[in-house]
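Enquirer: Sharing a structure, written as structure tokens. Questions coming.
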Amino acid sequence: MGAKIRVLIVDDSATVRRTLTDILSSDPAIEVMGAAADPYAAVRRIGEEAPDVITLDVEMPRMDGITFLRKLMSQHPIPVVMCSSLVEDGSETLMQALEAGAVDVILKPRIDTRQSLLDAQVRICDTVKAAARAKPRPRATGATGAGTGAARTRSPEPKLNADVMMPAPTLGGKTGGAMARTTERVVCIGASTGGTEALREVLEALPADSPGIVVVQHMPESFTAAFARRLDGLCEVTVREARDGDTVLRGQVLIAPGNRHMLLQRSGARYLVAVKDGPLVSRHRPSVDVLFRSAAHCAGANAVGVIMTGMGDDGATGLREMRDAGAFTLAQDEESCVVFGMPKEAIARGGAEKVVGLTSIAREMLRHDRS
């Protein structure tokens with residue numbers, strides 16, 4: 001094993017600092033190098049030794065997390081993961097953090113059930129490891145408590161695949177659910193670390209009459225609605241958080257709600273989405289693999305699959321299943337990815353028909369829609 005990922009925790013709550021320390025220390029690849037109660041203490045600690053990743057609270061005394069983040073990214077870019085309570089009112093602030101350069105967002109861990117603690121452990125450790133591989137760029141300035149020690153006694157849940165949500169497509173994707181090639185296409189996009197800004201760039205480039213789009217972006221619950229609202233205000237296409245039973249319409253983007261799986265389904269000639277509970281798949285909920293597999297089942301050659309920046313392999317198997325079912329598939333290239341993990345795995349498994357830069361994804365989607 002190589003050098004451990006050194007993490008600095010910045011949070012004004014001593015309880016949260018202890019809980020995050022326990023959770024992160026449970027992963028042999030991570031070392032908590034220290035904790036700070038506010039940004040001023042964090043600056044002193046960074047001056048002594050630069051961490052690989054910082055977890056940063058939003059609301060703190062003396063200086064709020066967003067202000068500190070903007071100063072940090074303009075002077076000394078370090079991968080930052082914002083840590084927030086599950087509060088809808090704060091989700092807009094988290095969107096500001098992502099715009100300011102934060103790599104990702106995590107929720108402060110809860111220990112109300114064993115499963116919620118295990119899910120938090122998986123999510124937090126994986127997010128920090130993804131952040132350590134991110135390539136932060138300099139930005140201009142201006143751009144509930146839990147017990148301690150519990151995470152050390154837990155071992156991560158086994159990594160499940162999309163079989164727990166639906167069976168794999170048969171060879172060639174001939175499951176009986178997909179129609180022959182039609183004039184309507186549906187675009188399925190999967191992204192993780194770095195995806196919030198990458199998705200914005202892709203969706204802003206689309207005209208109002210674009211094909212219907214369904215998106216899985218790894219993001220905690222309560223934040224996807226704010227993310228969708230932000231994109232809706234920037235894009236010509238309509239963007240909103242998906243609801244169970246929503247129809248996939250031309251000119252509309254549906255984003256999977258945080259902590260819920262989203263599947264594509266077909267009713268006659270229409271496509272719609274199902275939003276479902278279920279276990280973590282490929283260590284995520286929502287899972288890109290679940291969305292992509294459902295598209296292979298019901299859309300086949302009428303689908304376009306796009307896998308974008310993110311760590312891990314969620315979506316790699318599903319993209320190959322989509323391609324085998326006749327879909328046109330794209331992967332974002334290494335140069336334009338914040339983390340070249342998910343696309344790299346998809347390419348290695350033969351799932352990507354074409355590898356393109358971020359600025360070319362929208363054009364390739366539209367070109368295929370018109371073909």
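Numbering starts fresh at 1 for the residues of each chain in the structure tokens, the chains themselves are lettered A, B, ... in the order given, and ligands are numbered from 1 as they appear.
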If we count only C-alpha atoms, what is near Val338 in chain A at a cut-off of 6 Å, once residues fewer than 2 positions away on the same chain are taken out, given as a list in words?
Expert: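 Neighbouring residues, sequence-local ones excluded: Ala134, Lys135, Gly194 and Thr309 of chain A.
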Enquirer: From the DSSP assignment of the backbone, select every residue of range 288-323 of chain A that is strand (DSSP E), and format the answer as JSON, numbers by chain.
Expert: {"A": [303, 304, 305, 306, 307]}
Enquirer: Those residues with N, CA and C atoms, as a compact mmCIF listing (two decimals), in the first residue's frame please?
Expert:
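This went into selection.txt:
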# COMPACT_ATOMS: atom_id res chain seq x y z
N ALA A 303 -31.07 4.49 -26.91
CA ALA A 303 -30.43 5.22 -25.81
C ALA A 303 -29.04 5.70 -26.18
N VAL A 304 -28.62 6.74 -25.47
CA VAL A 304 -27.23 7.21 -25.48
C VAL A 304 -26.75 7.14 -24.04
N GLY A 305 -25.61 6.54 -23.81
CA GLY A 305 -25.03 6.46 -22.47
C GLY A 305 -23.78 7.32 -22.37
N VAL A 306 -23.69 8.09 -21.31
CA VAL A 306 -22.54 8.98 -21.12
C VAL A 306 -22.01 8.79 -19.71
N ILE A 307 -20.73 8.45 -19.58
CA ILE A 307 -20.12 8.33 -18.26
C ILE A 307 -19.06 9.40 -18.12
Enquirer: Fewer than 2 positions away in the same chain doesn't count, so skip those; otherwise give me all residues within 9 Å of Ala352 in chain A, counting only C-alpha atoms, as an NGL selection string.
Expert: :A and (305-307 or 316 or 319-320 or 323 or 328-331 or 343 or 346-350 or 354-355)
Enquirer: Within 7 Å of Val53 in chain A, counting only C-alpha atoms, which residues qualify if same-chain residues fewer than 2 places away don't, as a PyMOL selection string?
Expert: chain A and resi 6-8+51+55+78-80+128+131-132
Enquirer: Closest to Asn302 in chain A among A:Lys4, A:Glu184, A:Leu160, A:Asp52, using only C-alpha atoms?
Expert: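 Going through A:Lys4, A:Glu184, A:Leu160, A:Asp52 one by one, the smallest distance to Asn302 in chain A is for A:Glu184.
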Enquirer: What's the separation between CA of Asp244 in chain A and CA of Cys125 in chain A, in Å to one decimal place?
Expert: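 Straight-line distance from CA of Asp244 in chain A to CA of Cys125 in chain A works out to 29.8 Å.
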Enquirer: For Gly34 in chain A, please output as a compact mmCIF listing (two decimals) with C-alpha atoms, in the first residue's frame all residues within 12 Å (counting only C-alpha atoms; exclusion window: fewer than 3 positions along the same chain).
Expert:
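Done, and the output landed in result.txt:
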# COMPACT_ATOMS: atom_id res chain seq x y z
CA ARG A 6 -3.74 12.70 5.10
CA VAL A 7 -6.97 14.45 6.08
CA LEU A 8 -7.57 17.62 8.08
CA ILE A 9 -11.03 17.91 9.65
CA VAL A 10 -12.37 21.44 10.11
CA ASP A 11 -15.58 21.62 12.17
CA ARG A 17 -14.69 16.02 14.78
CA ARG A 18 -14.43 12.85 16.89
CA LEU A 20 -15.37 11.88 11.50
CA THR A 21 -11.99 10.92 12.95
CA LEU A 24 -12.00 8.04 8.47
CA SER A 25 -9.50 6.18 10.64
CA GLU A 31 -4.85 9.01 8.15
CA ALA A 37 -12.37 24.06 15.32
CA ALA A 41 -6.87 27.11 13.44
CA ALA A 42 -6.96 25.28 10.11
CA ARG A 44 -2.11 27.34 11.29
CA ARG A 45 -2.27 23.57 10.85
CA ILE A 46 -1.92 23.82 7.06
CA GLU A 48 2.77 23.27 9.55
CA GLU A 49 1.89 20.45 7.13
CA ALA A 50 -0.32 20.53 4.05
CA PRO A 51 -3.04 17.85 4.06
CA ASP A 52 -4.07 15.87 1.01
CA VAL A 53 -7.77 16.54 1.68
CA ILE A 54 -9.75 18.88 3.95
CA THR A 55 -13.26 18.17 5.23
Enquirer: Give the answer as one residue: which of A:Val216, A:Met365, A:Ile255, A:Leu118 has the shortest atom-to-atom distance to Ala228 in chain A, using only C-alpha atoms?
Expert: A:Ile255
Enquirer: Identify, on the basis of only C-alpha atoms, every residue whose closest approach to range 210-214 of chain A does not exceed 10 Å; exclude the query and any residue fewer than 5 positions from it along the same chain; express the result as a PyMOL selection string.
Expert: chain A and resi 184-190+203+236-239+241-242+247-256+262-264+271-273+291+303-305+362+365-366+369-370
Enquirer: Hey, can you check how far CA of Ala325 in chain A sits from CA of Met342 in chain A?
Expert: 20.1 Å
Enquirer: Neighbouring residues of His218 in chain A were defined as those with any atom within 10 Å, considering only C-alpha atoms; residues of the same chain fewer than 4 positions away were excluded. Please report them as a ChimeraX atom specification.
Expert: /A:104-105,123,127,190-196,224,256-259,284-288,310,314
Enquirer: May I ask which of the residues A:Asp289, A:Asp324, A:Asp22, A:Asp57 is the closest one to Ala162 in chain A, counting only C-alpha atoms?
Expert: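 Smallest distance to Ala162 in chain A is found for A:Asp289.
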Enquirer: So the first atom is CA of Ser360 in chain A and the second is CA of Leu231 in chain A; what is the distance between them in Å, to one decimal place?
Expert: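 Distance between the two atoms: 19.0 Å.
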Enquirer: From the list A:Met33, A:Ala327, A:Ala225, A:Ala168, which residue is nearest Glu92 in chain A when using only C-alpha atoms?
Expert: A:Ala225
Enquirer: Point out the residue among A:Asp12, A:Ala29, A:Gly101, A:Gly312 with the least atom-to-atom distance to Asp64 in chain A, counting only C-alpha atoms.
Expert: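 Among the listed residues, the smallest separation from Asp64 in chain A belongs to A:Asp12.
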Enquirer: Using only C-alpha atoms, which of A:Arg62, A:His261, A:Arg133, A:His297 sits nearest Glu221 in chain A?
Expert: A:His261
